[in-house]
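Encoded as structure tokens, the structure appears first; notes follow it.
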Amino acid sequence: VVLRPASGSRQQDPLGGADGLALASDPGGTLNFLAMVENLQGDSGRGYYLEMLIGTPPQALNILVDTGSSNFAVAGVPDPDVTSYFNTKLSSTYKSQGIDVTVKYSQGSWTGVLGTDVITIPKGIYGSYTINIATILESENFFLPGVKWHGILGLAYDALAKPSSSVETFFDSLVRQAKIPNIFSLQMCGAGLPVSGSGTNGGSLVLGGIEPSLYKGDIWYTPIKEEWYYQVEILKLEVGGQNLQLDCREYNADKAIVDSGTTLLRLPQKVFSVVVQAIARTSLIQEFSSGFWTGSQLACWDKTERPWSLFPKLSIYLRDENSSRSFRISILPQLYIQPILGIGENLQCYRFGISSSTNALVIGATVMEGFYVIFDRAQRRVGFAVSPCAEVDGSPVSEIEGPFTTADVASNCVSSVSFHEPVLWIASYALMSLCGIILLVLIILLLIPPRCQHRYTDNDVVNDESSLVRHRWK
């Protein structure tokens with residue numbers, strides 16, 4: 001495959017070193033990035049999914065691409081909200097490990113059983129590979145009405161894998177078996193299109209590298225702070241070009257992550273309140289219902305109108321690989337004022353694509369639809385470049401600019417104490433064990449027969465009089 005040069009890319013060697021990275025290889029090899037272009041379908045409201053063939057003979061399923069979790073799981077029994085499921089009894093290569101697994105997400109959860117089977121990706125890398133796979137037997141608020149996917153592909157690190165980090169993740173298995181570079185990239189093309197629409201918006205998941213046709217301009221990289229989620233460091237936010245003037249640690253409370261499985265841009269509660277105030281103050285709308293900002297109400301305009309011109313641009317500053325510099329990714333209102341289908345004949349209604357969060361700042365689909373995002377695990381960094389499909393009415397709705405100095409920002413905006421979930425489990429078990437021991441001792445003391453207990457005499461009793469008067473005079 002003949003490739004055009006990566007025009008003006010600030011980082012043209014995503015892996016570095018003498019070996020570099022082949023941006024595409026011949027069609028007979030393991031990798032052919034052009035074949036992976038537009039291998040995703042979906043929308044920002046219900047996620048982007050990849051077709052995958054599982055088992056022998058192969059069963060075709062759509063799998064949600066999620067960079068915010070680490071288990072590969074598929075529906076294993078019929079469910080009212082899924083159109084297909086993986087029937088393990090029909091696969092001669094399926095092997096159950098007999099290990100129960102439960103995964104909880106920000107919204108929803110499921111319980112299933114771990115096993116292994118072979119998979120192939122029609123629009124992915126060549127070959128079949130044996131992968132850990134959980135078959136979902138029970139779920140709650142996981143498969144939702146109208147979703148067109150039947151499972152989830154967790155692409156984060158093994159630290160998040162359930163029931164333990166010893167479960168090799170899908171992508172780690174591919175890197176090991178197919179010997180591809182430890183990097184993947186993601187483009188989601190739903191900018192300006194209706195949320196929860198036809199579900200046929202395009203997108204690309206490139207396994208093993210970077211496809212130059214999926215971005216324009218430079219790639220800007222920010223370090224991965226911790227290898228569990230794709231945790232990054234956010235330095236500041238601007239609304240309409242105005243700095244919110246918050247302590248940078250507020251943006252990273254208690255973490256900031258890049259997560260394709262989250263539909264919105266989620267902000268810590270304090271940051272969310274300040275952002276809403278700034279947008280409301282900067283917008284050209286005098287009065288706005290609070291229900292719009294909280295997600296309980298839609299805002300509607302005549303279909304001939306385009307309300308985006310009424311709202312400001314939102315910018316997120318990320319620390320560059322050179323820690324003394326930063327760059328900013330900006331989204332125009334077309335990405336966070338999102339159209340909804342099927343509301344009346346003359347009105348087009350929109351939702352607010354930003355929400356509050358109790359435990360993280362999450363760069364979800366609201367932002368990711370503006371960019372080609374590179375998850376460079378080999379060099380522990382996440383890259384952003386402007387996506388050519390991030391256009392509405394022929395105009396770009398995302399921008400990247402830099403470098404900027406970080407002289408006005410703290411040297412570290414991320415808390416030095418990072419409580420990963422496994423550590424929290426260990427601490428919980430230790431405290432439970434300690435409480436159990438204390439309870440056992442108390443029970444034993446209560447059950448000791450009275451005759452074994454020491455009987456106090458008058459001389460043994462210690463009170464104020466005896467201690468301060470009688471004993472002192474002896």
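Following the order of the structure tokens, first chain is A, next is B, and so on, with residues numbered from 1 inside each chain and ligands from 1 in the order they appear.
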Surrounding residues of A:Phe371 excluding itself and chain neighbours under 4 positions, 12 Å, only C-alpha atoms, as number ranges by chain: A: 185-191, 203-204, 214-220, 258, 260, 329-331, 335, 363-367, 382-391, 396-400
Surrounding residues of stretch 297-312 of chain A excluding itself and chain neighbours under 2 positions, 9 Å, only C-alpha atoms, as a ChimeraX atom specification: /A:239-241,279-280,282-285,288-295,314,332-334,337,340,343,345-352
Filtered DSSP result for stretch 121-322 of chain A, state strand (DSSP E), as a PyMOL selection string: chain A and resi 129-140+151-154+183-188+203-207+216-223+226-227+230-231+234-239+242-243+256-258+265-268+299-302+314-319
DSSP-assigned helix (DSSP H, G or I) members of stretch 297-346 of chain A, reported as a VMD selection string: chain A and resid 307 to 310 333 to 336
For those residues, write all heavy atoms to a file as an mmCIF file, in the first residue's frame.
```cif
data_model
loop_
_atom_site.group_PDB
_atom_site.id
_atom_site.type_symbol
_atom_site.label_atom_id
_atom_site.label_comp_id
_atom_site.auth_asym_id
_atom_site.auth_seq_id
_atom_site.Cartn_x
_atom_site.Cartn_y
_atom_site.Cartn_z
ATOM 1 N N PRO A 307 -28.482 26.751 16.295
ATOM 2 C CA PRO A 307 -28.230 27.434 17.567
ATOM 3 C C PRO A 307 -26.758 27.495 17.968
ATOM 4 O O PRO A 307 -26.412 28.178 18.927
ATOM 5 C CB PRO A 307 -29.022 26.582 18.568
ATOM 6 C CG PRO A 307 -29.018 25.213 17.967
ATOM 7 C CD PRO A 307 -29.097 25.418 16.483
ATOM 8 N N TRP A 308 -25.908 26.802 17.230
ATOM 9 C CA TRP A 308 -24.508 26.692 17.657
ATOM 10 C C TRP A 308 -23.800 28.043 17.731
ATOM 11 O O TRP A 308 -22.897 28.226 18.540
ATOM 12 C CB TRP A 308 -23.775 25.727 16.729
ATOM 13 C CG TRP A 308 -24.335 24.337 16.801
ATOM 14 C CD1 TRP A 308 -24.635 23.635 17.929
ATOM 15 C CD2 TRP A 308 -24.679 23.489 15.707
ATOM 16 N NE1 TRP A 308 -25.146 22.386 17.606
ATOM 17 C CE2 TRP A 308 -25.193 22.262 16.241
ATOM 18 C CE3 TRP A 308 -24.617 23.629 14.317
ATOM 19 C CZ2 TRP A 308 -25.620 21.208 15.438
ATOM 20 C CZ3 TRP A 308 -25.042 22.566 13.528
ATOM 21 C CH2 TRP A 308 -25.530 21.373 14.091
ATOM 22 N N SER A 309 -24.230 28.976 16.900
ATOM 23 C CA SER A 309 -23.584 30.286 16.909
ATOM 24 C C SER A 309 -23.847 31.050 18.204
ATOM 25 O O SER A 309 -23.198 32.060 18.480
ATOM 26 C CB SER A 309 -24.069 31.119 15.713
ATOM 27 O OG SER A 309 -25.479 31.328 15.804
ATOM 28 N N LEU A 310 -24.777 30.556 19.001
ATOM 29 C CA LEU A 310 -25.127 31.240 20.251
ATOM 30 C C LEU A 310 -24.216 30.838 21.411
ATOM 31 O O LEU A 310 -24.284 31.441 22.485
ATOM 32 C CB LEU A 310 -26.584 30.926 20.629
ATOM 33 C CG LEU A 310 -27.647 31.240 19.566
ATOM 34 C CD1 LEU A 310 -29.009 30.744 20.023
ATOM 35 C CD2 LEU A 310 -27.682 32.740 19.282
ATOM 36 N N PRO A 333 -19.299 24.457 19.682
ATOM 37 C CA PRO A 333 -20.606 24.048 20.209
ATOM 38 C C PRO A 333 -21.268 22.915 19.428
ATOM 39 O O PRO A 333 -22.092 22.184 19.980
ATOM 40 C CB PRO A 333 -21.441 25.328 20.124
ATOM 41 C CG PRO A 333 -20.448 26.436 20.088
ATOM 42 C CD PRO A 333 -19.238 25.905 19.404
ATOM 43 N N GLN A 334 -20.894 22.745 18.154
ATOM 44 C CA GLN A 334 -21.483 21.662 17.358
ATOM 45 C C GLN A 334 -21.236 20.296 17.994
ATOM 46 O O GLN A 334 -21.946 19.325 17.698
ATOM 47 C CB GLN A 334 -20.916 21.680 15.936
ATOM 48 C CG GLN A 334 -21.450 22.807 15.076
ATOM 49 C CD GLN A 334 -20.634 24.087 15.198
ATOM 50 O OE1 GLN A 334 -20.011 24.342 16.230
ATOM 51 N NE2 GLN A 334 -20.642 24.903 14.155
ATOM 52 N N LEU A 335 -20.199 20.197 18.861
ATOM 53 C CA LEU A 335 -19.902 18.923 19.503
ATOM 54 C C LEU A 335 -20.579 18.773 20.860
ATOM 55 O O LEU A 335 -20.871 17.651 21.277
ATOM 56 C CB LEU A 335 -18.383 18.744 19.650
ATOM 57 C CG LEU A 335 -17.640 18.421 18.355
ATOM 58 C CD1 LEU A 335 -16.135 18.467 18.557
ATOM 59 C CD2 LEU A 335 -18.051 17.047 17.825
ATOM 60 N N TYR A 336 -20.828 19.866 21.563
ATOM 61 C CA TYR A 336 -21.443 19.702 22.890
ATOM 62 C C TYR A 336 -22.901 20.168 22.972
ATOM 63 O O TYR A 336 -23.558 19.945 23.988
ATOM 64 C CB TYR A 336 -20.593 20.358 23.980
ATOM 65 C CG TYR A 336 -20.557 21.877 24.016
ATOM 66 C CD1 TYR A 336 -21.558 22.598 24.648
ATOM 67 C CD2 TYR A 336 -19.485 22.586 23.459
ATOM 68 C CE1 TYR A 336 -21.516 23.988 24.709
ATOM 69 C CE2 TYR A 336 -19.434 23.973 23.512
ATOM 70 C CZ TYR A 336 -20.457 24.667 24.145
ATOM 71 O OH TYR A 336 -20.415 26.035 24.210
#
```
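Excluding A:Phe171 itself and same-chain residues fewer than 6 positions from it, the residues having an atom within 9 Å of it are A:Gly154, A:Leu155, A:Ala156, A:Tyr157, A:Asn182, A:Phe184, A:Leu207, counting only C-alpha atoms.
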Skip A:Thr263 itself and residues of its chain fewer than 3 positions away, then list as a short mmCIF file (atom, residue, chain, number, x, y, z; two decimals) with N, CA, C and O atoms, in the first residue's frame all residues within 10 Å of it, counting only C-alpha atoms.
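Everything below was put into result_6.cif:
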```cif
data_model
loop_
_atom_site.label_atom_id
_atom_site.label_comp_id
_atom_site.auth_asym_id
_atom_site.auth_seq_id
_atom_site.Cartn_x
_atom_site.Cartn_y
_atom_site.Cartn_z
N ASP A 43 -22.93 5.85 17.18
CA ASP A 43 -23.11 7.27 17.41
C ASP A 43 -22.71 7.59 18.84
O ASP A 43 -22.50 6.70 19.66
N SER A 44 -22.60 8.89 19.13
CA SER A 44 -22.10 9.30 20.44
C SER A 44 -23.08 8.95 21.55
O SER A 44 -22.70 8.80 22.70
N GLY A 45 -24.37 8.80 21.21
CA GLY A 45 -25.35 8.50 22.25
C GLY A 45 -25.33 7.07 22.73
O GLY A 45 -25.59 6.79 23.89
N ARG A 46 -24.98 6.13 21.83
CA ARG A 46 -25.03 4.72 22.22
C ARG A 46 -23.74 3.97 21.92
O ARG A 46 -23.69 2.75 22.03
N GLY A 47 -22.71 4.70 21.56
CA GLY A 47 -21.40 4.09 21.42
C GLY A 47 -21.08 3.63 20.01
O GLY A 47 -21.95 3.50 19.14
N TYR A 48 -19.79 3.39 19.79
CA TYR A 48 -19.28 2.92 18.50
C TYR A 48 -18.85 1.46 18.63
O TYR A 48 -18.22 1.08 19.60
N VAL A 195 -27.80 12.42 17.94
CA VAL A 195 -27.47 11.44 18.96
C VAL A 195 -28.50 10.32 18.90
O VAL A 195 -29.69 10.56 18.70
N ASP A 259 -11.97 8.17 27.56
CA ASP A 259 -12.83 7.00 27.60
C ASP A 259 -13.87 7.02 26.48
O ASP A 259 -14.84 7.78 26.54
N SER A 260 -13.67 6.18 25.49
CA SER A 260 -14.59 6.12 24.36
C SER A 260 -15.94 5.52 24.74
O SER A 260 -16.91 5.66 24.00
N ARG A 266 -17.57 14.51 30.88
CA ARG A 266 -17.98 14.54 32.28
C ARG A 266 -16.96 15.33 33.08
O ARG A 266 -15.75 15.12 32.94
N GLY A 353 -24.18 18.22 25.94
CA GLY A 353 -23.27 17.07 25.89
C GLY A 353 -22.22 17.05 26.99
O GLY A 353 -21.18 16.41 26.84
N ILE A 354 -22.50 17.75 28.09
CA ILE A 354 -21.57 17.80 29.23
C ILE A 354 -22.37 17.48 30.49
O ILE A 354 -23.52 17.93 30.62
N SER A 355 -21.80 16.71 31.40
CA SER A 355 -22.50 16.39 32.64
C SER A 355 -21.51 16.40 33.81
O SER A 355 -20.29 16.47 33.61
N VAL A 362 -13.91 13.01 32.58
CA VAL A 362 -13.89 11.98 31.54
C VAL A 362 -14.01 12.64 30.17
O VAL A 362 -15.04 13.26 29.86
N ILE A 363 -12.96 12.51 29.38
CA ILE A 363 -13.01 12.96 27.99
C ILE A 363 -13.68 11.84 27.20
O ILE A 363 -13.06 10.85 26.82
N GLY A 364 -15.00 11.98 27.01
CA GLY A 364 -15.78 10.97 26.32
C GLY A 364 -16.04 11.33 24.88
O GLY A 364 -15.35 12.16 24.28
N ALA A 365 -17.08 10.71 24.30
CA ALA A 365 -17.35 10.86 22.87
C ALA A 365 -17.63 12.30 22.48
O ALA A 365 -17.30 12.71 21.36
N THR A 366 -18.21 13.09 23.38
CA THR A 366 -18.48 14.50 23.07
C THR A 366 -17.23 15.20 22.55
O THR A 366 -17.29 15.98 21.60
N VAL A 367 -16.09 14.92 23.18
CA VAL A 367 -14.82 15.52 22.76
C VAL A 367 -14.12 14.66 21.71
O VAL A 367 -13.60 15.17 20.71
N MET A 368 -14.11 13.35 21.92
CA MET A 368 -13.35 12.46 21.04
C MET A 368 -13.83 12.51 19.59
O MET A 368 -13.04 12.25 18.67
#
```
Which stretch 264-294 of chain A residues have any atom within 9 Å of an atom of stretch 248-253 of chain A, and for each, what is the nearest pair of atoms with distance in Å to one decimal, counting only C-alpha atoms, rows sorted by chain and number, as JSON lines?
```
{"residue": "A:Leu267", "atom": "CA", "partner": "A:Tyr251", "partner_atom": "CA", "distance": 7.6}
{"residue": "A:Pro268", "atom": "CA", "partner": "A:Ala253", "partner_atom": "CA", "distance": 6.6}
{"residue": "A:Lys270", "atom": "CA", "partner": "A:Glu250", "partner_atom": "CA", "distance": 7.6}
{"residue": "A:Val271", "atom": "CA", "partner": "A:Tyr251", "partner_atom": "CA", "distance": 6.8}
```
Minimum-distance residue to A:Phe33, chosen among A:Thr56, A:Thr111, A:Thr93, A:Ser213 (using only C-alpha atoms):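 Among the listed residues, A:Ser213 lies closest to A:Phe33.
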Which residues come within 9 Å of A:Tyr129, counting only C-alpha atoms, excluding same-chain residues fewer than 5 positions away, as a CSV table (one decimal) with N, CA and C atoms, in the first residue's frame?
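See result_21.csv below for the written result:
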```csv
chain,number,residue,atom,x,y,z
A,117,ASP,N,-11.8,-18.4,23.5
A,117,ASP,CA,-12.3,-18.8,22.2
A,117,ASP,C,-11.5,-18.0,21.1
A,118,VAL,N,-11.6,-18.4,19.9
A,118,VAL,CA,-10.9,-17.8,18.8
A,118,VAL,C,-11.7,-16.7,18.3
A,119,ILE,N,-11.1,-15.6,17.8
A,119,ILE,CA,-11.8,-14.4,17.2
A,119,ILE,C,-11.1,-14.0,15.9
A,120,THR,N,-11.8,-13.5,15.0
A,120,THR,CA,-11.3,-12.8,13.9
A,120,THR,C,-12.0,-11.5,13.7
A,173,SER,N,-3.4,-9.6,24.3
A,173,SER,CA,-3.3,-10.9,23.6
A,173,SER,C,-3.0,-10.7,22.1
A,174,LEU,N,-3.6,-9.7,21.5
A,174,LEU,CA,-3.2,-9.4,20.1
A,174,LEU,C,-1.8,-9.0,19.9
A,177,GLN,N,0.3,-12.3,20.4
A,177,GLN,CA,0.1,-13.4,19.4
A,177,GLN,C,0.4,-12.9,18.0
A,178,ALA,N,-0.1,-11.7,17.7
A,178,ALA,CA,0.0,-11.2,16.3
A,178,ALA,C,1.3,-10.5,16.1
```
Pairwise distance for atom CA of A:Val275 and atom CA of A:Asp254, rounded to one decimal in Å: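 Atom-to-atom, atom CA of A:Val275 to atom CA of A:Asp254, that is 17.9 Å.
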Spatial neighbours of A:Tyr105, 12 Å, only C-alpha atoms, chain gap at least 2 places, as number ranges by chain: A: 66, 68-71, 102-103, 107-111, 139-142, 152, 154, 160, 162, 259, 261-262
Between atom CA of A:Asn87 and atom CA of A:Pro57 - distance in Å to one decimal: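 Distance between the two atoms: 10.9 Å.
Shortest atom-to-atom contact with A:Glu321 among A:Thr222, A:Gln379, A:Thr130, A:Ser166: A:Thr222, counting only C-alpha atoms.
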Exercise: stretch 403-418 of chain A partners within 9 Å, only C-alpha atoms, chain neighbours under 2 positions left out, as an MDAnalysis selection string: chainID A and resid 225:226 232:236 247:256 319:320 323:328 401 420
A:Arg381, A:Lys89, A:Tyr372, A:Trp149 ranked by distance to A:Pro212, top pick (using only C-alpha atoms):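 Ranking A:Arg381, A:Lys89, A:Tyr372, A:Trp149 by distance to A:Pro212, first place goes to A:Tyr372.
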